[in-house]
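*Asks:* mmCIF, C-alpha atoms and all ligand atoms, saved as my_file.cif, coming up:
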```cif
data_model
loop_
_atom_site.label_atom_id
_atom_site.label_comp_id
_atom_site.auth_asym_id
_atom_site.auth_seq_id
_atom_site.Cartn_x
_atom_site.Cartn_y
_atom_site.Cartn_z
CA MET A 1 -3.73 -4.50 5.32
CA LEU A 2 -1.77 -6.05 2.51
CA ILE A 3 0.53 -4.10 0.21
CA GLY A 4 1.44 -5.95 -3.00
CA ILE A 5 4.84 -5.18 -4.50
CA VAL A 6 4.37 -5.64 -8.24
CA GLY A 7 6.26 -5.10 -11.46
CA ALA A 8 8.16 -6.74 -14.28
CA PRO A 9 11.29 -8.77 -13.43
CA ASN A 10 14.57 -7.06 -12.42
CA GLN A 11 13.03 -3.70 -11.58
CA GLY A 12 14.00 -4.04 -7.91
CA LYS A 13 10.89 -5.54 -6.30
CA SER A 14 12.75 -7.98 -4.08
CA THR A 15 15.32 -5.36 -3.11
CA PHE A 16 12.45 -3.07 -2.11
CA PHE A 17 10.70 -5.87 -0.25
CA ASN A 18 13.87 -6.96 1.58
CA ALA A 19 14.69 -3.40 2.56
CA ALA A 20 11.17 -2.63 3.77
CA THR A 21 10.79 -5.86 5.75
CA LEU A 22 14.30 -6.34 7.16
CA ALA A 23 13.83 -7.50 10.78
CA GLY A 24 10.25 -6.30 10.57
CA ALA A 25 8.68 -9.44 11.98
CA GLU A 26 10.84 -9.32 15.11
CA ILE A 27 10.09 -5.72 16.02
CA ALA A 28 6.50 -5.66 14.92
CA ASN A 29 4.85 -8.00 17.41
CA TYR A 30 2.32 -8.33 14.67
CA PRO A 31 -0.12 -11.21 14.67
CA PHE A 32 -0.47 -12.82 11.29
CA THR A 33 -1.47 -16.41 10.93
CA THR A 34 -0.76 -17.28 7.33
CA ILE A 35 2.66 -15.80 6.71
CA GLU A 36 4.18 -17.20 3.54
CA PRO A 37 7.72 -17.06 2.20
CA ASN A 38 7.01 -14.00 0.09
CA GLN A 39 5.27 -12.12 2.90
CA GLY A 40 6.93 -9.83 5.38
CA VAL A 41 6.22 -7.06 7.84
CA GLY A 42 6.91 -3.47 6.91
CA PHE A 43 5.81 -0.23 8.52
CA VAL A 44 3.98 2.94 7.67
CA ARG A 45 4.89 6.06 9.55
CA VAL A 46 2.50 8.28 11.49
CA LYS A 47 3.37 11.29 13.61
CA CYS A 48 2.63 9.96 17.08
CA PRO A 49 0.59 12.19 19.41
CA CYS A 50 2.93 11.27 22.30
CA LYS A 51 5.21 14.30 21.78
CA GLU A 52 2.34 16.73 21.51
CA PHE A 53 0.83 15.46 24.78
CA GLY A 54 4.20 15.18 26.49
CA VAL A 55 3.92 11.48 27.33
CA GLU A 56 5.84 8.27 26.65
CA CYS A 57 3.78 5.85 24.56
CA ASP A 58 3.61 2.05 24.81
CA PRO A 59 2.92 0.74 21.29
CA ARG A 60 1.34 -2.71 21.35
CA GLN A 61 2.51 -3.29 17.79
CA GLY A 62 5.33 -1.68 15.87
CA TYR A 63 7.40 0.97 17.63
CA CYS A 64 7.83 4.69 18.19
CA LYS A 65 11.05 6.56 17.51
CA GLU A 66 11.55 10.31 17.95
CA GLY A 67 7.82 10.88 17.77
CA SER A 68 7.34 8.76 14.64
CA ARG A 69 5.04 5.82 15.13
CA TYR A 70 5.93 2.90 12.83
CA VAL A 71 2.73 0.92 12.29
CA PRO A 72 3.05 -2.64 10.93
CA VAL A 73 1.57 -3.62 7.57
CA THR A 74 2.00 -6.84 5.59
CA LEU A 75 4.01 -6.72 2.38
CA LEU A 76 3.76 -9.23 -0.41
CA ASP A 77 6.63 -9.74 -2.87
CA VAL A 78 4.52 -10.67 -5.87
CA ALA A 79 6.04 -12.91 -8.57
CA GLY A 80 7.44 -10.91 -11.51
CA LEU A 81 4.93 -10.14 -14.22
CA VAL A 82 5.90 -10.78 -17.83
CA PRO A 83 3.98 -9.78 -20.97
CA ASP A 84 0.98 -12.06 -21.56
CA ALA A 85 0.90 -13.18 -17.93
CA HIS A 86 -2.88 -12.93 -18.07
CA LYS A 87 -2.77 -15.87 -20.49
CA GLY A 88 -0.83 -17.85 -17.92
CA LYS A 89 2.65 -17.07 -19.29
CA GLY A 90 5.60 -17.11 -16.86
CA LEU A 91 4.39 -17.17 -13.30
CA GLY A 92 1.27 -15.39 -14.53
CA ASN A 93 -1.30 -17.26 -12.54
CA LYS A 94 0.71 -17.14 -9.34
CA PHE A 95 1.15 -13.40 -9.86
CA LEU A 96 -2.51 -12.80 -10.33
CA ASP A 97 -3.49 -14.96 -7.39
CA ASP A 98 -1.13 -13.03 -5.09
CA LEU A 99 -2.52 -9.84 -6.43
CA ARG A 100 -6.10 -10.69 -5.62
CA GLN A 101 -5.32 -10.43 -1.93
CA ALA A 102 -3.66 -7.00 -2.07
CA ASP A 103 -5.43 -3.84 -0.86
CA VAL A 104 -3.02 -1.52 -2.62
CA LEU A 105 -0.14 -1.95 -5.04
CA VAL A 106 3.36 -0.57 -5.23
CA HIS A 107 4.61 -0.76 -8.79
CA VAL A 108 8.40 -0.85 -8.72
CA ILE A 109 9.99 0.20 -12.00
CA ASP A 110 13.58 0.68 -13.08
CA VAL A 111 13.46 4.39 -13.90
CA SER A 112 17.05 4.39 -15.13
CA GLY A 113 15.64 2.89 -18.31
CA GLY A 114 18.02 -0.07 -18.12
CA THR A 115 15.46 -2.87 -17.91
CA ASN A 116 12.66 -3.56 -20.36
CA SER A 117 9.18 -4.88 -19.52
CA SER A 118 10.36 -8.46 -19.90
CA GLY A 119 13.04 -7.88 -17.29
CA GLU A 120 15.92 -7.93 -19.76
CA SER A 121 18.87 -5.70 -19.08
CA VAL A 122 19.27 -3.31 -22.03
CA GLY A 123 21.80 -0.79 -20.66
CA LYS A 124 20.66 2.37 -18.89
CA GLY A 125 18.64 4.88 -20.85
CA ASN A 126 17.75 2.45 -23.62
CA PHE A 127 14.19 1.83 -22.56
CA ASP A 128 11.30 4.15 -21.77
CA PRO A 129 10.00 3.16 -18.31
CA ALA A 130 6.59 4.63 -19.19
CA GLU A 131 6.10 1.54 -21.32
CA THR A 132 6.43 -0.63 -18.22
CA VAL A 133 3.67 1.33 -16.49
CA ARG A 134 1.33 0.89 -19.47
CA PHE A 135 2.25 -2.76 -19.80
CA LEU A 136 1.38 -3.49 -16.17
CA GLU A 137 -1.94 -1.64 -16.39
CA LYS A 138 -2.80 -3.56 -19.52
CA GLU A 139 -1.92 -6.94 -18.02
CA LEU A 140 -4.06 -6.25 -14.98
CA ASP A 141 -6.97 -5.05 -17.08
CA LEU A 142 -6.79 -8.06 -19.39
CA TRP A 143 -6.58 -10.40 -16.43
CA MET A 144 -9.73 -8.93 -14.89
CA HIS A 145 -11.41 -8.82 -18.26
CA GLY A 146 -10.51 -12.47 -18.86
CA MET A 147 -12.10 -13.56 -15.61
CA LEU A 148 -15.26 -11.61 -16.32
CA SER A 149 -15.71 -12.52 -19.98
CA ARG A 150 -15.22 -16.26 -19.61
CA ASN A 151 -18.77 -16.91 -18.40
CA TRP A 152 -20.35 -13.53 -18.86
CA ALA A 153 -23.25 -14.47 -21.13
CA ARG A 154 -24.40 -17.28 -18.88
CA PHE A 155 -23.81 -15.23 -15.75
CA ALA A 156 -25.74 -12.23 -17.08
CA LYS A 157 -28.66 -14.37 -18.09
CA GLN A 158 -28.82 -16.01 -14.70
CA VAL A 159 -28.68 -12.68 -12.85
CA LYS A 160 -31.63 -11.50 -14.88
CA GLN A 161 -33.67 -14.66 -14.55
CA GLU A 162 -33.21 -14.84 -10.81
CA SER A 163 -33.61 -11.05 -10.37
CA LYS A 164 -30.32 -10.82 -8.54
CA LYS A 165 -28.60 -7.55 -7.75
CA LEU A 166 -25.84 -7.29 -10.35
CA SER A 167 -23.20 -5.62 -8.15
CA GLU A 168 -23.65 -8.19 -5.43
CA ALA A 169 -23.59 -11.06 -7.91
CA ILE A 170 -20.37 -9.81 -9.49
CA ALA A 171 -18.65 -9.42 -6.12
CA THR A 172 -19.55 -12.96 -5.03
CA GLN A 173 -19.38 -14.87 -8.34
CA PHE A 174 -16.06 -13.37 -9.38
CA SER A 175 -14.45 -13.69 -5.96
CA GLY A 176 -11.16 -14.35 -7.77
CA LEU A 177 -10.99 -10.64 -8.48
CA GLY A 178 -10.97 -9.76 -4.79
CA VAL A 179 -13.44 -6.92 -5.32
CA LYS A 180 -16.05 -5.61 -2.90
CA GLU A 181 -19.63 -4.79 -3.82
CA ASN A 182 -19.33 -1.05 -3.21
CA GLN A 183 -16.33 -1.01 -5.56
CA VAL A 184 -18.36 -2.78 -8.24
CA ILE A 185 -21.14 -0.20 -7.85
CA LYS A 186 -18.65 2.64 -8.31
CA ALA A 187 -17.14 1.00 -11.40
CA ILE A 188 -20.56 0.50 -13.02
CA GLU A 189 -21.41 4.17 -12.44
CA LYS A 190 -18.03 5.33 -13.69
CA CYS A 191 -18.20 3.57 -17.04
CA GLY A 192 -21.90 4.14 -17.57
CA VAL A 193 -22.89 0.56 -18.40
CA ASP A 194 -26.47 -0.52 -17.78
CA PRO A 195 -26.74 -2.51 -14.54
CA GLU A 196 -30.27 -3.66 -15.44
CA ASN A 197 -29.23 -5.36 -18.67
CA PRO A 198 -25.82 -6.97 -18.24
CA GLU A 199 -26.59 -9.34 -21.13
CA ASN A 200 -26.26 -6.34 -23.43
CA TRP A 201 -22.71 -5.50 -22.35
CA ASP A 202 -20.40 -6.20 -25.27
CA ASP A 203 -16.73 -7.03 -25.05
CA THR A 204 -15.68 -3.35 -25.14
CA ASP A 205 -18.04 -2.61 -22.24
CA LEU A 206 -16.56 -5.49 -20.29
CA LEU A 207 -13.02 -4.29 -20.86
CA ARG A 208 -13.93 -0.75 -19.82
CA PHE A 209 -15.65 -2.14 -16.76
CA ALA A 210 -12.63 -4.33 -15.94
CA THR A 211 -10.38 -1.28 -16.22
CA GLU A 212 -12.53 0.72 -13.79
CA VAL A 213 -12.74 -2.19 -11.36
CA ARG A 214 -8.96 -2.45 -11.43
CA LYS A 215 -8.48 1.27 -10.80
CA ILE A 216 -10.94 1.32 -7.93
CA SER A 217 -10.03 -1.96 -6.26
CA LYS A 218 -6.26 -1.89 -6.73
CA PRO A 219 -5.02 1.66 -6.17
CA MET A 220 -1.36 1.93 -7.08
CA VAL A 221 1.66 4.10 -6.45
CA ILE A 222 4.72 4.03 -8.67
CA ALA A 223 8.11 3.55 -7.04
CA ALA A 224 10.55 5.03 -9.54
CA ASN A 225 13.52 2.89 -8.55
CA LYS A 226 17.27 3.04 -9.24
CA MET A 227 17.26 6.81 -8.91
CA ASP A 228 20.91 6.49 -7.89
CA VAL A 229 21.83 5.72 -11.52
CA ASP A 230 22.95 8.67 -13.68
CA GLY A 231 20.19 9.93 -15.92
CA ALA A 232 17.36 8.43 -13.87
CA ALA A 233 16.24 11.86 -12.62
CA GLU A 234 15.26 12.98 -16.14
CA ASN A 235 13.27 9.81 -16.71
CA TYR A 236 11.54 10.32 -13.38
CA LYS A 237 10.44 13.84 -14.32
CA LYS A 238 9.17 12.62 -17.65
CA LEU A 239 7.28 9.77 -16.06
CA LYS A 240 5.67 12.05 -13.50
CA SER A 241 4.38 14.40 -16.17
CA GLU A 242 3.19 11.52 -18.33
CA PHE A 243 1.16 9.98 -15.51
CA PRO A 244 -0.33 12.91 -13.58
CA ASP A 245 -2.96 10.65 -11.96
CA TYR A 246 -0.38 8.47 -10.25
CA ILE A 247 1.68 9.21 -7.20
CA VAL A 248 5.24 8.67 -8.43
CA VAL A 249 7.89 8.45 -5.70
CA PRO A 250 11.61 8.53 -6.56
CA ILE A 251 13.47 5.80 -4.69
CA SER A 252 16.72 3.91 -4.34
CA ALA A 253 15.78 0.54 -2.90
CA GLU A 254 19.39 -0.59 -2.92
CA SER A 255 20.47 2.36 -0.76
CA GLU A 256 17.69 1.65 1.71
CA LEU A 257 18.65 -2.02 1.89
CA ALA A 258 22.30 -1.12 2.51
CA LEU A 259 21.32 1.32 5.28
CA ARG A 260 18.98 -1.13 6.98
CA LYS A 261 21.64 -3.84 6.93
CA ALA A 262 24.28 -1.46 8.25
CA SER A 263 21.85 -0.32 10.91
CA SER A 264 21.09 -3.91 11.99
CA ALA A 265 24.82 -4.55 12.25
CA GLY A 266 25.24 -1.45 14.41
CA ILE A 267 27.47 0.25 11.84
CA VAL A 268 25.14 3.22 11.37
CA SER A 269 22.23 4.82 13.20
CA TYR A 270 19.41 5.26 10.73
CA ASP A 271 15.64 5.56 10.96
CA PRO A 272 13.65 4.67 7.82
CA GLY A 273 12.38 7.73 6.01
CA GLU A 274 14.94 10.08 7.53
CA PRO A 275 17.16 12.36 5.42
CA ASP A 276 20.45 11.31 7.01
CA PHE A 277 22.25 8.65 9.04
CA MET A 278 25.18 8.58 11.42
CA ILE A 279 28.25 6.36 11.07
CA ASN A 280 28.93 4.85 14.48
CA ASP A 281 32.38 3.39 14.03
CA GLU A 282 34.31 5.00 11.19
CA GLU A 283 37.52 3.05 12.02
CA GLY A 284 35.81 -0.35 11.88
CA LEU A 285 34.83 0.08 8.23
CA ASN A 286 36.76 -1.17 5.23
CA ASP A 287 37.29 1.09 2.21
CA LYS A 288 34.51 -0.47 0.21
CA GLN A 289 31.99 0.01 3.02
CA LYS A 290 33.14 3.60 3.52
CA GLU A 291 32.77 4.33 -0.15
CA ALA A 292 29.28 2.81 -0.30
CA LEU A 293 28.09 4.81 2.71
CA LEU A 294 29.54 8.04 1.29
CA PHE A 295 27.74 7.37 -1.98
CA ILE A 296 24.46 7.01 -0.08
CA LYS A 297 25.17 10.19 1.92
CA GLU A 298 25.57 12.10 -1.34
CA TYR A 299 22.39 10.54 -2.69
CA LEU A 300 20.43 11.58 0.40
CA LYS A 301 21.76 15.15 0.14
CA LYS A 302 20.35 15.38 -3.37
CA ASN A 303 17.13 13.41 -2.89
CA ASN A 304 16.23 13.98 0.76
CA ASN A 305 15.50 10.30 1.48
CA THR A 306 15.75 6.86 -0.12
CA GLY A 307 12.00 7.01 -0.77
CA VAL A 308 11.20 3.49 0.44
CA GLN A 309 9.38 4.68 3.57
CA GLN A 310 7.65 7.42 1.58
CA VAL A 311 6.33 4.87 -0.92
CA LEU A 312 4.68 2.80 1.80
CA ASP A 313 3.22 5.88 3.49
CA SER A 314 1.85 7.16 0.17
CA ALA A 315 0.38 3.78 -0.71
CA VAL A 316 -1.58 3.52 2.53
CA PHE A 317 -2.48 7.13 3.30
CA ASP A 318 -2.74 8.70 -0.17
CA ALA A 319 -3.56 6.00 -2.73
CA LEU A 320 -5.68 3.80 -0.46
CA GLY A 321 -6.87 6.75 1.60
CA ARG A 322 -6.53 5.29 5.09
CA ILE A 323 -6.35 7.43 8.21
CA ALA A 324 -4.70 6.53 11.51
CA ILE A 325 -6.87 6.67 14.64
CA PHE A 326 -5.62 6.33 18.22
CA PRO A 327 -8.26 4.95 20.61
CA VAL A 328 -7.57 5.84 24.24
CA GLY A 329 -9.13 5.81 27.67
CA ALA A 330 -9.01 8.69 30.11
CA LYS A 331 -5.49 10.20 30.43
CA LEU A 332 -4.57 8.56 27.09
CA GLN A 333 -4.29 5.20 28.84
CA ASP A 334 -6.10 1.91 28.67
CA SER A 335 -7.38 0.06 31.73
CA LYS A 336 -3.90 -1.35 32.41
CA GLY A 337 -2.20 2.03 32.29
CA LYS A 338 -0.69 1.61 28.81
CA THR A 339 -0.36 4.95 27.03
CA LEU A 340 -1.43 5.37 23.39
CA LEU A 341 -1.30 1.60 23.11
CA ASP A 342 -3.03 1.15 19.76
CA VAL A 343 -3.40 2.81 16.42
CA PHE A 344 -5.74 1.64 13.65
CA LEU A 345 -5.57 2.32 9.93
CA VAL A 346 -9.19 2.82 8.91
CA PRO A 347 -10.83 4.14 5.71
CA LYS A 348 -11.41 7.85 5.24
CA ASN A 349 -14.94 8.91 6.21
CA THR A 350 -14.97 6.48 9.14
CA THR A 351 -17.45 7.86 11.67
CA ALA A 352 -17.16 7.65 15.44
CA LEU A 353 -19.73 4.85 15.41
CA ASP A 354 -17.98 2.96 12.58
CA PHE A 355 -14.80 3.17 14.59
CA ALA A 356 -16.52 1.81 17.71
CA TYR A 357 -17.70 -1.18 15.65
CA HIS A 358 -14.24 -1.53 14.16
CA LEU A 359 -12.83 -2.00 17.68
CA HIS A 360 -15.53 -4.35 18.93
CA SER A 361 -19.19 -4.97 18.19
CA ASP A 362 -19.97 -4.37 21.91
CA PHE A 363 -18.51 -0.86 21.64
CA GLY A 364 -20.70 -0.22 18.63
CA ASP A 365 -23.86 -1.66 20.17
CA ASN A 366 -23.38 0.30 23.40
CA PHE A 367 -22.10 3.51 21.83
CA VAL A 368 -23.15 6.65 23.72
CA ALA A 369 -20.67 9.24 22.47
CA ALA A 370 -16.98 9.77 21.85
CA ILE A 371 -14.58 12.42 23.07
CA ASP A 372 -12.00 14.05 20.87
CA HIS A 373 -9.01 14.02 23.18
CA ARG A 374 -7.44 17.13 21.62
CA SER A 375 -10.41 19.46 21.88
CA LYS A 376 -11.96 17.59 24.84
CA LYS A 377 -15.24 18.00 22.96
CA GLN A 378 -17.86 15.34 22.75
CA ILE A 379 -18.59 14.04 19.25
CA GLY A 380 -21.62 12.12 18.03
CA LYS A 381 -22.14 8.90 16.12
CA GLU A 382 -22.06 10.44 12.66
CA HIS A 383 -18.96 12.55 13.24
CA GLU A 384 -16.28 11.69 10.67
CA LEU A 385 -12.86 11.10 12.12
CA LYS A 386 -9.68 12.75 10.84
CA HIS A 387 -6.15 11.43 10.36
CA ARG A 388 -4.35 11.17 13.74
CA ASP A 389 -7.47 11.74 15.82
CA VAL A 390 -7.17 10.58 19.42
CA ILE A 391 -10.55 9.24 20.43
CA GLN A 392 -12.08 8.15 23.70
CA LEU A 393 -15.27 6.12 23.42
CA VAL A 394 -18.04 6.56 25.96
CA SER A 395 -19.90 3.32 26.27
CA GLY A 396 -23.32 2.63 27.77
CA LYS A 397 -22.09 -0.39 29.68
N1 LIG A 401 21.38 0.90 -8.99
C1 LIG A 401 20.38 0.25 -8.38
N2 LIG A 401 20.15 -1.06 -8.62
C2 LIG A 401 19.13 -1.66 -7.99
C3 LIG A 401 18.28 -0.95 -7.10
N3 LIG A 401 17.35 -1.82 -6.64
C4 LIG A 401 17.61 -3.01 -7.21
N4 LIG A 401 18.68 -2.93 -8.03
C5 LIG A 401 19.32 -4.03 -8.79
O1 LIG A 401 18.41 -4.48 -9.79
C6 LIG A 401 18.53 -5.90 -9.97
C7 LIG A 401 17.18 -6.57 -9.80
O2 LIG A 401 16.74 -6.41 -8.47
P1 LIG A 401 15.65 -7.37 -7.82
O3 LIG A 401 15.29 -6.75 -6.52
O4 LIG A 401 16.12 -8.76 -7.79
O5 LIG A 401 14.47 -7.23 -8.88
P2 LIG A 401 13.07 -8.02 -9.02
O6 LIG A 401 13.28 -9.06 -10.06
O7 LIG A 401 12.13 -6.98 -9.49
O8 LIG A 401 12.71 -8.59 -7.70
C8 LIG A 401 19.56 -6.38 -8.94
O9 LIG A 401 20.80 -6.48 -9.57
C9 LIG A 401 19.56 -5.24 -7.92
O10 LIG A 401 20.79 -5.15 -7.25
C10 LIG A 401 18.55 0.44 -6.86
O11 LIG A 401 17.88 1.14 -6.09
N5 LIG A 401 19.60 0.98 -7.54
MG MG A 402 12.28 -10.65 -7.26
#
```
In structure tokens, write the structure found in this file.
Ligand SMILES: Nc1nc2c(ncn2[C@@H]2O[C@H](COP(=O)(O)OP(=O)(O)O)[C@@H](O)[C@H]2O)c(=O)[nH]1
Ligand SMILES: [Mg+2]
*Replies:*
Amino acid sequence: MLIGIVGAPNQGKSTFFNAATLAGAEIANYPFTTIEPNQGVGFVRVKCPCKEFGVECDPRQGYCKEGSRYVPVTLLDVAGLVPDAHKGKGLGNKFLDDLRQADVLVHVIDVSGGTNSSGESVGKGNFDPAETVRFLEKELDLWMHGMLSRNWARFAKQVKQESKKLSEAIATQFSGLGVKENQVIKAIEKCGVDPENPENWDDTDLLRFATEVRKISKPMVIAANKMDVDGAAENYKKLKSEFPDYIVVPISAESELALRKASSAGIVSYDPGEPDFMINDEEGLNDKQKEALLFIKEYLKKNNNTGVQQVLDSAVFDALGRIAIFPVGAKLQDSKGKTLLDVFLVPKNTTALDFAYHLHSDFGDNFVAAIDHRSKKQIGKEHELKHRDVIQLVSGK
């Protein structure tokens, strides 16, 4: 699972990334092989079944705090996007290459209206952040369109001559888009282009198709950042009403970063996503630190949370539509007596059998039934799992 943090320069992407990944790698125990400088480990939050069942859990990865299970995910701090990046301007190509790998995007924007789409500081309230949203959508669409249109005529002809399946051919030939075949099928249906005659698609068709592919393959939430600046709240409301199809989450990345740093230093007790924090050693603080923490306290009173945790949760569970499933043995334990050891983030509509295969092909091949640990009822192969299900697999071997 890879979450791409995207946006124009100076909107707060790196601040968001640093806050969300601070010390993440150490606590996550998360196996990744190709970690790069701009990658880090963050967490999404799931209500852990441990409280409900009255047990102590032993997370293999991530951690559990006060009944909240923090499940590791990889975050990617994508290079800042500038206008005309799709033509290779700025770090355009690097941006788009990073993006290809992402399952879901978090678009960080300066909702105080103080930064334009080129990343220039213009003084708060002097820029409409809605423009930044449109600009990013357009850049992504033009990038995808550019990749498709470059060789389209030749590609379409070849597909036809060799009687290939168009959706499959698009997914493999344009691997640079990072799009799966089922997503291509959906996009073709959505924009009503003729899959039998791709040579007849004109440039407008291709752009419409690119737009649908982008929407389907790169779901996105908007992190309305710098909400701590005066006047940002009005912009946020406006943005939310202007983009009803997006999840827009108000955030203050800087406040979250300050709290995480203070928490690492032992100055405060704070759990990401929570509405408050505790100052541990009031006397040990200097005036500046005190003032900063009081400012954040006031912010939290008004806004309920910094929003950083909520953005990640929304990206994975709402925009991407994943559900968290806890596989267990009898008594919630695995063969070594570890309780609620694992949790997996799988697509919605995952069936009991899909889940068995997700764990191991042997579990799938030898699937007999599964038991829903809450109801103690047996469920069959085709049964669709729900968010936070606790599932015991019954295997034939
Ligand atoms: N007031 C305020 N400023 C922020 C916030 N997040 C980031 N900034 C500031 O915005 C500027 C750009 O942040 P940065 O994370 O480097 O942006 P990036 O270019 O998108 O990675 C820096 O001066 C940050 O301190 C926030 O939540 N509130
Ligand atoms: Mg940056």
*Asks:* Give me the residues of range 26-89 of chain A that have any atom at most 9 Å from an atom of range 100-119 of chain A; for each, the nearest atom pair and the distance in Å, rounded to one decimal. Use only C-alpha atoms, sort by chain and number, and format it as JSON lines.
*Replies:*
```
{"residue": "A:Leu75", "atom": "CA", "partner": "A:Ala102", "partner_atom": "CA", "distance": 8.9}
{"residue": "A:Leu76", "atom": "CA", "partner": "A:Ala102", "partner_atom": "CA", "distance": 7.9}
{"residue": "A:Gly80", "atom": "CA", "partner": "A:Gly119", "partner_atom": "CA", "distance": 8.6}
{"residue": "A:Leu81", "atom": "CA", "partner": "A:Ser118", "partner_atom": "CA", "distance": 8.0}
{"residue": "A:Val82", "atom": "CA", "partner": "A:Ser118", "partner_atom": "CA", "distance": 5.4}
{"residue": "A:Pro83", "atom": "CA", "partner": "A:Ser118", "partner_atom": "CA", "distance": 6.6}
```
*Asks:* Could you write those residues out with C-alpha atoms, as a PDB file, in the coordinates of the input?
*Replies:*
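Saved the output as selection-v8.pdb:
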```pdb
ATOM      1  CA  LEU A  75       4.010  -6.720   2.380  1.00  0.00           C
ATOM      2  CA  LEU A  76       3.760  -9.230  -0.410  1.00  0.00           C
ATOM      3  CA  GLY A  80       7.440 -10.910 -11.510  1.00  0.00           C
ATOM      4  CA  LEU A  81       4.930 -10.140 -14.220  1.00  0.00           C
ATOM      5  CA  VAL A  82       5.900 -10.780 -17.830  1.00  0.00           C
ATOM      6  CA  PRO A  83       3.980  -9.780 -20.970  1.00  0.00           C
TER       7      PRO A  83
END
```
*Asks:* Return the single residue from A:Asn280, A:Ser252, A:Ser167, A:Thr350 that is closest to Ala223 in chain A, with distances computed using only C-alpha atoms.
*Replies:*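 Checking each candidate against Ala223 in chain A, we get A:Ser252 as the closest.
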*Asks:* Suppose you want the space between CA of Val311 in chain A and CA of Asp276 in chain A; what is it in Å?
*Replies:*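 About the pair CA of Val311 in chain A and CA of Asp276 in chain A: they are 17.4 Å apart.
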*Asks:* List all protein, DNA and RNA residues that have any atom at most 10 Å from ligand LIG 401 (chain A), counting all atoms listed in the file, and write the list as number ranges by chain.
*Replies:* A: 5-19, 77-81, 107-112, 114-115, 119, 121, 224-230, 232, 250-258, 306-308
*Asks:* Considering all atoms listed in the file, can you say which of A:Phe209, A:Arg60, A:Val268, A:Asp334 comes closest to Leu285 in chain A?
*Replies:*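 Selected residue with least distance to Leu285 in chain A: A:Val268.
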*Asks:* Could you jot down the CA of Gly146 in chain A to CA of Lys190 in chain A separation for me, Å, one decimal place?
*Replies:* 20.0 Å
*Asks:* Between A:Gln61, A:Leu140, A:Phe95, A:His86, single out the one closest to ligand MG 402 (chain A), counting all atoms listed in the file.
*Replies:*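 That would be A:Phe95, the residue with the smallest distance to ligand MG 402 (chain A).
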*Asks:* Using only C-alpha atoms and all ligand atoms, which of A:Val346, A:Asp365, A:Asn38, A:Pro272 sits nearest ligand MG 402 (chain A)?
*Replies:*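 Among the listed residues, A:Asn38 lies closest to ligand MG 402 (chain A).
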*Asks:* Which polymer residues have any atom within 7 Å of an atom of Val41 in chain A, counting all atoms listed in the file, with same-chain residues fewer than 2 positions away left out, as a VMD selection string?
*Replies:* chain A and resid 21 24 to 25 43 72 to 75
*Asks:* If I put a ball of radius 8 Å at (-2.6, 3.7, 6.8) in the file's coordinates, which residues poke into it when counting all atoms listed in the file, written as a compact mmCIF listing (two decimals) with C-alpha atoms, in the coordinates of the input?
*Replies:*
```txt
# COMPACT_ATOMS: atom_id res chain seq x y z
CA VAL A 44 3.98 2.94 7.67
CA ASP A 313 3.22 5.88 3.49
CA VAL A 316 -1.58 3.52 2.53
CA PHE A 317 -2.48 7.13 3.30
CA LEU A 320 -5.68 3.80 -0.46
CA GLY A 321 -6.87 6.75 1.60
CA ARG A 322 -6.53 5.29 5.09
CA ILE A 323 -6.35 7.43 8.21
CA ALA A 324 -4.70 6.53 11.51
CA PHE A 344 -5.74 1.64 13.65
CA LEU A 345 -5.57 2.32 9.93
CA VAL A 346 -9.19 2.82 8.91
```
*Asks:* For CA of Phe363 in chain A and CA of Ile325 in chain A, quote the distance in Å rounded to one decimal.
*Replies:*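 Taking CA of Phe363 in chain A and CA of Ile325 in chain A, their separation equals 15.5 Å.
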*Asks:* Restricting the calculation to all atoms listed in the file: of A:Leu341, A:Tyr236, A:Ser217, A:Val55, which residue gets closest to Gly67 in chain A?
*Replies:*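 Checking each of A:Leu341, A:Tyr236, A:Ser217, A:Val55 against Gly67 in chain A, counting all atoms listed in the file, the winner is A:Val55.
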*Asks:* Check the smallest atom-to-atom distance from each of A:Asp389, A:Glu291, A:Asp245, A:Asp362 to Asp318 in chain A using all atoms listed in the file, then report the winner.
*Replies:*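 Nearest to Asp318 in chain A: A:Asp245.
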*Asks:* Would you list the residues near (-25.1, -15.7, -17.5), meaning any protein, DNA or RNA residue with an atom at most 12 Å from that point in file coordinates, counting all atoms listed in the file, as a list in words?
*Replies:* Leu148, Ser149, Arg150, Asn151, Trp152, Ala153, Arg154, Phe155, Ala156, Lys157, Gln158, Val159, Lys160, Gln161, Glu162, Lys164, Leu166, Ala169, Ile170, Gln173, Asn197, Pro198, Glu199, Asn200 and Trp201 of chain A
*Asks:* Hey, could you make a per-residue contact list for range 193-251 of chain A against range 125-134 of chain A with 8 Å as the cut-off, showing the nearest pair of atoms and its distance in Å to one decimal, counting all atoms listed in the file, sorted by chain and number, as a tab-separated table?
*Replies:*
```
residue	atom	partner	partner_atom	distance
A:Gly231	CA	A:Gly125	CA	7.2
A:Ala232	CA	A:Gly125	CA	7.9
A:Asn235	CA	A:Pro129	CA	7.6
A:Leu239	CA	A:Ala130	CA	6.1
A:Glu242	CA	A:Ala130	CA	7.7
```
*Asks:* Only C-alpha atoms, please: range 289-297 of chain A from the block, as an mmCIF file, in the first residue's frame.
*Replies:*
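Saved the output as out21.cif:
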```
data_model
loop_
_atom_site.group_PDB
_atom_site.id
_atom_site.type_symbol
_atom_site.label_atom_id
_atom_site.label_comp_id
_atom_site.auth_asym_id
_atom_site.auth_seq_id
_atom_site.Cartn_x
_atom_site.Cartn_y
_atom_site.Cartn_z
ATOM 1 C CA GLN A 289 7.605 26.235 23.555
ATOM 2 C CA LYS A 290 4.795 26.989 26.014
ATOM 3 C CA GLU A 291 3.276 29.492 23.646
ATOM 4 C CA ALA A 292 3.452 27.095 20.689
ATOM 5 C CA LEU A 293 1.806 24.286 22.642
ATOM 6 C CA LEU A 294 -0.951 26.609 23.902
ATOM 7 C CA PHE A 295 -1.593 27.718 20.329
ATOM 8 C CA ILE A 296 -2.007 24.081 19.291
ATOM 9 C CA LYS A 297 -4.300 23.397 22.275
#
```
